[in-house]
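Trainee: I'm passing along protein13.cif; it holds mmCIF, C-alpha atoms.
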```
data_start
#
loop_
_atom_site.label_atom_id
_atom_site.label_comp_id
_atom_site.auth_asym_id
_atom_site.auth_seq_id
_atom_site.Cartn_x
_atom_site.Cartn_y
_atom_site.Cartn_z
CA MET A 69 42.54 -20.01 77.41
CA ASN A 70 41.34 -17.21 75.25
CA ILE A 71 39.31 -18.84 72.47
CA VAL A 72 39.86 -15.99 69.99
CA ILE A 73 43.64 -16.19 70.37
CA GLY A 74 43.43 -19.97 70.04
CA ILE A 75 41.45 -19.70 66.79
CA LEU A 76 43.89 -17.13 65.40
CA ILE A 77 46.84 -19.37 66.30
CA PHE A 78 45.10 -22.33 64.65
CA LEU A 79 44.38 -20.39 61.43
CA GLY A 80 47.85 -18.86 61.36
CA THR A 81 49.44 -22.28 61.83
CA PHE A 82 47.31 -23.80 59.08
CA LEU A 83 48.30 -21.04 56.65
CA PHE A 84 51.97 -21.19 57.70
CA MET A 85 51.98 -24.92 56.99
CA GLU A 86 51.42 -24.19 53.29
CA PHE A 87 54.70 -22.27 53.34
CA MET A 88 56.35 -25.11 55.28
CA ALA A 89 55.05 -27.65 52.76
CA TRP A 90 56.41 -25.55 49.88
CA PHE A 91 59.77 -25.02 51.61
CA THR A 92 60.13 -28.66 52.65
CA HIS A 93 59.08 -29.87 49.20
CA LYS A 94 61.47 -27.57 47.32
CA TYR A 95 64.55 -27.63 49.56
CA VAL A 96 64.32 -30.92 51.46
CA MET A 97 62.37 -33.35 49.27
CA HIS A 98 63.96 -32.05 46.07
CA GLY A 99 67.20 -31.48 47.96
CA PHE A 100 69.13 -33.62 50.39
CA LEU A 101 66.25 -36.09 50.98
CA TRP A 102 65.51 -36.68 47.29
CA SER A 103 66.19 -40.36 47.94
CA LEU A 104 62.91 -40.51 49.91
CA HIS A 105 60.91 -38.41 47.47
CA LYS A 106 62.02 -39.64 44.04
CA ASP A 107 59.72 -42.67 44.02
CA HIS A 108 56.80 -40.24 44.19
CA HIS A 109 57.81 -38.90 40.77
CA LYS A 110 57.83 -42.34 39.16
CA LYS A 111 54.72 -44.03 37.83
CA ASP A 112 55.83 -47.60 38.43
CA HIS A 113 55.60 -48.29 42.14
CA ASP A 114 56.39 -51.62 43.71
CA SER A 115 53.97 -50.86 46.53
CA TRP A 116 50.94 -48.76 47.38
CA PHE A 117 53.18 -47.01 49.91
CA GLU A 118 56.03 -44.77 48.85
CA LYS A 119 59.20 -43.77 50.69
CA ASN A 120 57.81 -40.27 50.27
CA ASP A 121 55.11 -41.12 52.83
CA ALA A 122 57.79 -40.85 55.54
CA PHE A 123 57.53 -37.05 55.42
CA PHE A 124 54.02 -37.27 56.86
CA ILE A 125 55.48 -38.99 59.94
CA PHE A 126 57.70 -36.00 60.73
CA TYR A 127 54.79 -33.54 60.82
CA ALA A 128 52.62 -36.03 62.71
CA ILE A 129 55.28 -36.25 65.42
CA VAL A 130 55.51 -32.44 65.60
CA SER A 131 51.71 -32.19 65.89
CA MET A 132 51.49 -34.89 68.57
CA SER A 133 54.32 -33.27 70.51
CA LEU A 134 52.44 -29.98 70.52
CA PHE A 135 49.30 -31.73 71.80
CA TYR A 136 51.46 -33.21 74.56
CA THR A 137 52.77 -29.75 75.51
CA GLY A 138 49.18 -28.48 75.51
CA ALA A 139 48.22 -31.20 77.97
CA ASN A 140 51.14 -30.20 80.17
CA GLY A 141 50.50 -26.52 80.68
CA PHE A 142 51.55 -24.85 77.41
CA TRP A 143 48.04 -24.21 76.10
CA TYR A 144 49.32 -22.79 72.80
CA GLY A 145 50.32 -26.35 71.96
CA TYR A 146 46.70 -27.29 71.29
CA PRO A 147 45.94 -24.74 68.52
CA LEU A 148 49.44 -25.18 67.05
CA GLY A 149 49.04 -28.96 66.97
CA LEU A 150 45.51 -28.68 65.58
CA GLY A 151 46.68 -26.33 62.83
CA ILE A 152 49.35 -28.81 61.74
CA LEU A 153 46.88 -31.70 61.97
CA ALA A 154 44.25 -29.82 59.92
CA TYR A 155 46.81 -29.01 57.24
CA GLY A 156 47.89 -32.64 57.18
CA ILE A 157 44.30 -33.73 56.65
CA ALA A 158 43.80 -31.12 53.91
CA TYR A 159 47.05 -32.20 52.26
CA PHE A 160 46.03 -35.84 52.38
CA LEU A 161 42.61 -35.07 50.88
CA VAL A 162 43.94 -32.81 48.13
CA HIS A 163 47.25 -34.46 47.27
CA ASP A 164 46.83 -38.17 47.95
CA ILE A 165 43.12 -38.63 47.34
CA PHE A 166 42.05 -35.88 44.92
CA ILE A 167 45.19 -35.49 42.77
CA HIS A 168 46.89 -38.89 42.89
CA GLN A 169 43.68 -40.91 43.41
CA ARG A 170 45.21 -43.24 45.99
CA PHE A 171 41.57 -43.76 46.94
CA LYS A 172 39.02 -43.40 44.17
CA LEU A 173 37.20 -40.38 45.59
CA PHE A 174 36.56 -36.85 44.30
CA ARG A 175 37.10 -38.04 40.72
CA ASN A 176 34.39 -35.81 39.29
CA ALA A 177 35.48 -32.56 40.96
CA ASN A 178 35.70 -30.22 38.02
CA ASN A 179 35.47 -26.68 39.39
CA TRP A 180 37.85 -23.74 38.88
CA TYR A 181 39.95 -24.48 41.98
CA SER A 182 40.27 -28.23 41.42
CA LYS A 183 41.31 -27.75 37.80
CA GLY A 184 43.99 -25.23 38.79
CA VAL A 185 45.43 -27.39 41.56
CA ARG A 186 45.50 -30.45 39.31
CA ARG A 187 47.13 -28.49 36.49
CA ALA A 188 49.82 -27.12 38.82
CA HIS A 189 50.58 -30.54 40.23
CA LYS A 190 50.73 -32.04 36.77
CA MET A 191 53.34 -29.43 35.83
CA HIS A 192 55.31 -30.30 38.94
CA HIS A 193 55.34 -33.99 38.05
CA LYS A 194 56.35 -33.23 34.48
CA HIS A 195 59.88 -32.90 35.89
CA LEU A 196 61.07 -36.39 36.82
CA GLY A 197 64.40 -35.33 38.29
CA LYS A 198 65.41 -33.55 41.43
CA GLY A 199 66.12 -30.22 39.73
CA ASP A 200 64.22 -27.91 37.40
CA GLY A 201 60.96 -28.34 39.29
CA GLU A 202 58.13 -25.89 39.55
CA CYS A 203 55.04 -25.35 41.66
CA PHE A 204 56.03 -26.88 44.99
CA GLY A 205 52.95 -25.68 46.93
CA MET A 206 49.76 -27.62 47.40
CA LEU A 207 46.71 -25.58 48.38
CA PHE A 208 47.82 -22.18 47.07
CA VAL A 209 49.28 -22.42 43.58
CA PRO A 210 50.21 -19.61 41.15
CA PHE A 211 47.28 -17.93 39.45
CA LYS A 212 48.50 -18.92 35.97
CA TYR A 213 47.32 -22.48 36.60
CA PHE A 214 43.74 -21.30 37.05
CA LYS A 215 43.56 -19.70 33.60
CA LYS A 216 41.99 -21.70 30.77
#
```
If you took the structure in this file and wrote it as structure tokens, what would it be?
Mentor:
Amino acid sequence: MNIVIGILIFLGTFLFMEFMAWFTHKYVMHGFLWSLHKDHHKKDHDSWFEKNDAFFIFYAIVSMSLFYTGANGFWYGYPLGLGILAYGIAYFLVHDIFIHQRFKLFRNANNWYSKGVRRAHKMHHKHLGKGDGECFGMLFVPFKYFKK
């Protein structure tokens, strides 16, 4: 396996996953699977878990399947699976821990990037319904949210 190609595949997959997260969020979560996502836009939860957490399972299965193909001769499966896994970890850290404080960590992060990401996500959650949303990305948000 060529390590340079593997690293490029990993990085490309990680970056592509931001597009996939945006696309899935805008057209699937706020589309035909709104029934799984709408509890995420409500403040009063009956449980620590949300139906919205089911979306993580889909990408976890894709990542694990790619690891399986990597173990069975399709070596590209490893960097593809790792790229999806790394994005999933970054998403969990930024979205679930940093923004929504599901665990009380990173509360004092107050730099330019963290303020912009929080501001963008706050604007997204301002819309409680399925339509009229904005800012569906997670790690790369429009520059206007980074302005003071």
Trainee: Rounded to one decimal, what separation in Å do you get between atom CA of A:Cys203 and atom CA of A:Ala188?
Mentor: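 Calculated distance between atom CA of A:Cys203 and atom CA of A:Ala188 is 6.2 Å.
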Trainee: Quick one: which residues end up in the PyMOL selection byres ((chain A and resi 206-208) around 12) for this structure, as a ChimeraX atom specification?
Mentor: /A:82-94,155-164,166-167,181-182,184-190,192,202-205,209-214
Trainee: With distances taken over all atoms listed in the file, which of A:Gly99, A:Pro147, A:Gly201, A:Gly141 is nearest to A:Ile71?
Mentor: A:Pro147
Trainee: I want to know what sits within 12 Å of A:Trp102, based on all atoms listed in the file, with residues of the same chain fewer than 2 positions away left out; could you give that as a list in words?
Mentor: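 The contact residues come out as Thr92, His93, Lys94, Tyr95, Val96, Met97, His98, Gly99, Phe100, Leu104, His105, Lys106, Asp107, His108, His109, Lys119, Asn120, Phe123, Leu196, Gly197, Lys198 and Gly199 of chain A.
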Trainee: Determine the residue membership of the PyMOL selection byres ((chain A and resi 144-146) around 10) for the file above and supply it as a compact mmCIF listing (two decimals) with C-alpha atoms, in the coordinates of the input.
Mentor:
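Now in part_9.txt:
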```txt
# COMPACT_ATOMS: atom_id res chain seq x y z
CA MET A 69 42.54 -20.01 77.41
CA ILE A 73 43.64 -16.19 70.37
CA GLY A 74 43.43 -19.97 70.04
CA ILE A 77 46.84 -19.37 66.30
CA PHE A 78 45.10 -22.33 64.65
CA SER A 131 51.71 -32.19 65.89
CA MET A 132 51.49 -34.89 68.57
CA SER A 133 54.32 -33.27 70.51
CA LEU A 134 52.44 -29.98 70.52
CA PHE A 135 49.30 -31.73 71.80
CA TYR A 136 51.46 -33.21 74.56
CA THR A 137 52.77 -29.75 75.51
CA GLY A 138 49.18 -28.48 75.51
CA ALA A 139 48.22 -31.20 77.97
CA ASN A 140 51.14 -30.20 80.17
CA GLY A 141 50.50 -26.52 80.68
CA PHE A 142 51.55 -24.85 77.41
CA TRP A 143 48.04 -24.21 76.10
CA PRO A 147 45.94 -24.74 68.52
CA LEU A 148 49.44 -25.18 67.05
CA GLY A 149 49.04 -28.96 66.97
CA LEU A 150 45.51 -28.68 65.58
CA GLY A 151 46.68 -26.33 62.83
```
Trainee: With distances taken over all atoms listed in the file, which residue among A:Ala154, A:Lys110, A:Leu101, A:Gln169 lies nearest A:Ala122?
Mentor: A:Leu101
Trainee: Which residue gives the smallest distance to A:Gly80 among A:Ile152, A:Val130, A:Ile165, A:Ile125, with all atoms listed in the file counted?
Mentor: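 Smallest distance to A:Gly80 is found for A:Ile152.
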Trainee: Please compute the atom CA of A:Asp121-atom CA of A:Lys183 distance, one decimal, in Å.
Mentor: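 Computed distance, atom CA of A:Asp121 to atom CA of A:Lys183, equals 24.4 Å.
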Trainee: Please compute the atom CA of A:Ala128-atom CA of A:Thr81 distance, one decimal, in Å.
Mentor: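 Between these atoms lies a distance of 14.1 Å.
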Trainee: Could you pull stretch 171-186 of chain A out of the structure just shown and give all heavy atoms as a compact mmCIF listing (two decimals), in the first residue's frame?
Mentor:
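See result27.txt below for the written result:
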```txt
# COMPACT_ATOMS: atom_id res chain seq x y z
N PHE A 171 -21.79 16.55 27.07
CA PHE A 171 -20.83 16.34 28.15
C PHE A 171 -20.27 17.73 28.44
O PHE A 171 -20.03 18.50 27.53
CB PHE A 171 -19.71 15.39 27.74
CG PHE A 171 -20.18 14.01 27.38
CD1 PHE A 171 -20.35 13.66 26.05
CD2 PHE A 171 -20.46 13.08 28.36
CE1 PHE A 171 -20.78 12.40 25.69
CE2 PHE A 171 -20.90 11.81 28.02
CZ PHE A 171 -21.06 11.47 26.69
N LYS A 172 -20.05 18.05 29.65
CA LYS A 172 -19.64 19.40 30.04
C LYS A 172 -18.13 19.58 29.86
O LYS A 172 -17.37 19.70 30.81
CB LYS A 172 -20.05 19.69 31.48
CG LYS A 172 -21.53 19.48 31.76
CD LYS A 172 -22.41 20.34 30.87
CE LYS A 172 -23.86 20.08 31.15
NZ LYS A 172 -24.75 20.56 30.12
N LEU A 173 -17.73 19.62 28.58
CA LEU A 173 -16.33 19.82 28.22
C LEU A 173 -16.24 20.99 27.23
O LEU A 173 -17.22 21.33 26.59
CB LEU A 173 -15.76 18.57 27.56
CG LEU A 173 -15.79 17.28 28.38
CD1 LEU A 173 -15.43 16.10 27.51
CD2 LEU A 173 -14.83 17.38 29.54
N PHE A 174 -15.09 21.55 27.09
CA PHE A 174 -14.82 22.64 26.14
C PHE A 174 -15.75 23.83 26.34
O PHE A 174 -16.06 24.56 25.42
CB PHE A 174 -14.94 22.15 24.67
CG PHE A 174 -14.16 20.92 24.36
CD1 PHE A 174 -14.79 19.82 23.80
CD2 PHE A 174 -12.81 20.85 24.62
CE1 PHE A 174 -14.08 18.67 23.50
CE2 PHE A 174 -12.09 19.71 24.32
CZ PHE A 174 -12.73 18.62 23.76
N ARG A 175 -16.20 24.05 27.55
CA ARG A 175 -17.14 25.15 27.83
C ARG A 175 -16.48 26.52 27.68
O ARG A 175 -17.15 27.49 27.38
CB ARG A 175 -17.70 25.03 29.24
CG ARG A 175 -18.52 23.79 29.43
CD ARG A 175 -19.09 23.75 30.80
NE ARG A 175 -20.54 23.79 30.62
CZ ARG A 175 -21.39 23.82 31.60
NH1 ARG A 175 -20.96 23.87 32.82
NH2 ARG A 175 -22.67 23.83 31.37
N ASN A 176 -15.20 26.59 27.92
CA ASN A 176 -14.53 27.89 27.93
C ASN A 176 -13.83 28.22 26.62
O ASN A 176 -13.12 29.21 26.55
CB ASN A 176 -13.52 27.96 29.08
CG ASN A 176 -14.20 27.83 30.43
OD1 ASN A 176 -15.31 28.32 30.61
ND2 ASN A 176 -13.56 27.17 31.37
N ALA A 177 -14.03 27.38 25.60
CA ALA A 177 -13.43 27.68 24.29
C ALA A 177 -14.05 28.96 23.77
O ALA A 177 -15.27 29.06 23.62
CB ALA A 177 -13.66 26.52 23.34
N ASN A 178 -13.23 29.93 23.51
CA ASN A 178 -13.75 31.26 23.17
C ASN A 178 -12.90 31.91 22.08
O ASN A 178 -12.73 33.12 22.07
CB ASN A 178 -13.79 32.12 24.43
CG ASN A 178 -14.85 33.18 24.35
OD1 ASN A 178 -15.75 33.10 23.52
ND2 ASN A 178 -14.74 34.18 25.19
N ASN A 179 -12.38 31.12 21.16
CA ASN A 179 -11.56 31.67 20.09
C ASN A 179 -12.42 31.99 18.86
O ASN A 179 -13.62 31.73 18.83
CB ASN A 179 -10.41 30.71 19.74
CG ASN A 179 -10.93 29.35 19.29
OD1 ASN A 179 -11.75 29.27 18.39
ND2 ASN A 179 -10.46 28.30 19.93
N TRP A 180 -11.81 32.55 17.85
CA TRP A 180 -12.48 32.98 16.63
C TRP A 180 -13.28 31.85 15.99
O TRP A 180 -14.45 32.03 15.64
CB TRP A 180 -11.42 33.52 15.67
CG TRP A 180 -11.91 33.92 14.33
CD1 TRP A 180 -12.58 35.07 14.02
CD2 TRP A 180 -11.75 33.20 13.12
NE1 TRP A 180 -12.86 35.09 12.68
CE2 TRP A 180 -12.36 33.96 12.10
CE3 TRP A 180 -11.17 31.99 12.78
CZ2 TRP A 180 -12.40 33.56 10.78
CZ3 TRP A 180 -11.20 31.57 11.46
CH2 TRP A 180 -11.81 32.35 10.48
N TYR A 181 -12.66 30.69 15.84
CA TYR A 181 -13.33 29.56 15.19
C TYR A 181 -14.51 29.05 16.03
O TYR A 181 -15.61 28.85 15.51
CB TYR A 181 -12.33 28.42 14.94
CG TYR A 181 -12.97 27.20 14.32
CD1 TYR A 181 -13.31 27.19 12.98
CD2 TYR A 181 -13.24 26.07 15.08
CE1 TYR A 181 -13.91 26.08 12.41
CE2 TYR A 181 -13.84 24.96 14.53
CZ TYR A 181 -14.16 24.97 13.18
OH TYR A 181 -14.76 23.87 12.61
N SER A 182 -14.30 28.86 17.31
CA SER A 182 -15.37 28.32 18.15
C SER A 182 -16.57 29.27 18.21
O SER A 182 -17.72 28.82 18.19
CB SER A 182 -14.86 27.99 19.55
OG SER A 182 -14.41 29.15 20.22
N LYS A 183 -16.32 30.56 18.25
CA LYS A 183 -17.42 31.52 18.26
C LYS A 183 -18.21 31.46 16.95
O LYS A 183 -19.45 31.51 16.97
CB LYS A 183 -16.89 32.95 18.45
CG LYS A 183 -16.46 33.25 19.86
CD LYS A 183 -15.94 34.68 19.93
CE LYS A 183 -15.43 35.02 21.30
NZ LYS A 183 -14.90 36.39 21.36
N GLY A 184 -17.52 31.35 15.83
CA GLY A 184 -18.19 31.28 14.53
C GLY A 184 -19.03 30.03 14.38
O GLY A 184 -20.16 30.08 13.89
N VAL A 185 -18.48 28.89 14.79
CA VAL A 185 -19.22 27.63 14.67
C VAL A 185 -20.44 27.65 15.59
O VAL A 185 -21.53 27.22 15.19
CB VAL A 185 -18.29 26.43 14.99
CG1 VAL A 185 -19.07 25.15 15.13
CG2 VAL A 185 -17.24 26.29 13.90
N ARG A 186 -20.26 28.14 16.79
CA ARG A 186 -21.41 28.23 17.71
C ARG A 186 -22.50 29.17 17.17
O ARG A 186 -23.68 28.87 17.23
CB ARG A 186 -20.96 28.75 19.08
CG ARG A 186 -20.49 27.69 20.00
CD ARG A 186 -20.38 28.26 21.41
NE ARG A 186 -19.93 27.24 22.31
CZ ARG A 186 -18.95 27.40 23.19
NH1 ARG A 186 -18.31 28.55 23.27
NH2 ARG A 186 -18.60 26.42 23.99
```
